[in-house]
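Here is the structure we will look at.
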Amino acid sequence: MQLRYSFRLYPDSGQRAALARAFGCARVVFNDAVRAREDARTAGEAFPAAGELSKRLITEAKRTEARSWLGEVSSVVLQQSLRDVEAAYRNFFASLKGQRQGAKTGAPRFKSRKDNPQSIRFTANARWSITDSGRLNLPKIGAVQVKGSRTLPSQPSSVTVIKDAAGRYFASFVIDTDPATDATRMPDTDQAIGIDLGLTHFAVLSDGTKIDSPRFLRRAEKKLKRSQRELSRKQKGSKNREKARLKVARAHAKVTDARREFHHQLSTKLIRDNQAIGVEDLAVKGLARTRLAKSVHDAGWSAFVTMLEYKAARYGRTLVKIGRFEPTSQTCSACGIKNGPKPLNVREWTCTACGTLHDRDHNAAINVKTAAGLAVAACGAPVRPGLVPAQREETGSHGSPPEPRAA
């Protein structure tokens with residue numbers, strides 16, 4: 001499995017200038033490649049191949065006066081920019097043909113110097129290295145100071161240098177993990193859990209544990225509004241506006257980092273303590289179009305479930321996602337009777353069949369665990385709704401009479 005390890009970079013003034021040149025050169029090559037593809041499409045010609053683009057936009061362009069400054073940066077950065085164009089068009093055509101899952105992907109667009117984030121990628125051919133003192137030595141940039149709290153488990157295959165909207169620099173290493181080593185880090189356990197994600201509580205587990213929702217965006221909303229008002233008063237293009245923009249970006253980055261840290265800690269704990277986990281496949285896009293949109297985005301359910309997925313695959317755990325139409329909040333977890341839908345303000349309800357008093361979220365978490373096939377009876381057999389054979393009167397055509405026909 002391939003993973004990314006990100007570390008904060010602290011370049012000095014000269015290195016920041018060199019990184020700015022690299023970002024600009026990579027952007028220019030990307031835009032030139034998109035323009036060449038679009039010109040070929042307009043003329044009705046075949047798209048130029050990657051080798052032809054590399055020769056025309058990099059090798060020959062360096063010899064011209066208009067693009068001679070491309071030689072000031074590593075050629076690997078420029079080649080990787082062309083690969084990004086290839087990948088963007090490949091994803092676009094796959095999306096048009098219906099071969100790509102998820103939302104439709106648009107055609108590649110021209111990049112702007114004002115876009116955030118900006119990034120460049122160095123592969124092994126660039127001969128970058130990590131020095132004995134822990135610095136990241138990049139070609140034509142220098143040894144950049146790296147701040148990290150952990151060591152890389154293996155030799156990285158590439159590194160991407162990123163500058164985000166808040167002006168921070170990061171180094172993202174691609175690492176190939178060893179499945180055998182990962183399996184020993186988290187020993188097997190016989191525990192299984194069901195998770196019901198919500199807004200009042202971020203998660204309620206089938207064992208009764210309730211995890212409060214931190215609501216990072218809601219807590220920082222007052223400060224964010226004040227910073228945004230200050231930004232709107234600044235004149236466009238002025239230095240004060242750029243300072244105000246950085247202030248807003250840093251406030252948002254602080255919220256994002258806190259939310260990501262919370263997701264990482266909780267997902268790691270759940271993966272470490274449980275061998276199998278059941279969770280609902282929520283329609284986050286649909287919920288984000290309702291009046292609960294801000295709270296849904298603040299919770300970050302999709303990012304949390306994605307972390308559970310890759311960590312379960314890495315450490316040999318089982319993650320089961322049940323359908324979003326499973327009536328987990330309507331079914332009694334004690335007797336299995338469906339009591340019908342209930343408004344969101346109903347947090348407790350009593351089953352009309354068995355009289356059991358249920359906490360809405362805890363009952364849903366138990367039903368998630370049962371629907372995922374993770375519940376275990378007293379005899380140790382898994383409890384999961386199996387296939388129910390059709391009755392005699394249900395077979396055949398519904399328009400035929402149920403009584404037997406004459407011979």
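FYI, nothing fancy with the structure tokens labels: chains A, B, ... in order, residues from 1 per chain, ligands from 1 as they appear.
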
Give me, as a ChimeraX atom specification, all polymer residues having an atom no more than 12 Å from Ala180 (chain A), counting only C-alpha atoms and skipping those fewer than 2 positions away in the same chain.
/A:1,177-178,182-187,314-316

Take the residues that were just selected and, keeping C-alpha atoms, output them as an mmCIF file, in the first residue's frame.
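Ended up saving to out03.cif:
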```
data_model
loop_
_atom_site.group_PDB
_atom_site.id
_atom_site.type_symbol
_atom_site.label_atom_id
_atom_site.label_comp_id
_atom_site.auth_asym_id
_atom_site.auth_seq_id
_atom_site.Cartn_x
_atom_site.Cartn_y
_atom_site.Cartn_z
ATOM 1 C CA MET A 1 0.000 0.000 0.000
ATOM 2 C CA THR A 177 4.451 0.105 3.327
ATOM 3 C CA ASP A 178 5.219 -3.524 4.209
ATOM 4 C CA ASP A 182 1.931 -3.371 9.544
ATOM 5 C CA ALA A 183 0.210 -6.575 10.705
ATOM 6 C CA THR A 184 2.550 -6.868 13.674
ATOM 7 C CA ARG A 185 1.878 -3.293 14.783
ATOM 8 C CA MET A 186 -1.745 -4.060 15.625
ATOM 9 C CA PRO A 187 -2.403 -7.598 16.897
ATOM 10 C CA ARG A 314 -3.414 -1.476 6.034
ATOM 11 C CA TYR A 315 -3.719 -3.266 9.364
ATOM 12 C CA GLY A 316 -5.810 -6.244 8.259
#
```

Residues of region 112-251 of chain A in strand (DSSP E), written as number ranges by chain:
A: 118-123, 129-130, 136-138, 142-147, 158-163, 169-176, 192-197, 201-205, 210-212

Hey, what does DSSP flag as alpha helix (DSSP H) within region 28-266 of chain A? Can you give it to me as an MDAnalysis selection string?
chainID A and resid 28:42 50:54 75:96 179:185 216:233 239:266

Nearest to Glu72 (chain A), chosen from A:Phe23, A:Phe216, A:Phe110, A:Phe47, with only C-alpha atoms counted in the distances:
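The answer is A:Phe23, which sits nearest to Glu72 (chain A).
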
Would you list the contacts of region 242-259 of chain A as a VMD selection string, taking every protein, DNA or RNA residue within 6 Å and counting only C-alpha atoms, but skipping same-chain residues closer than 5 positions in sequence?
chain A and resid 165 to 166 216 227 231
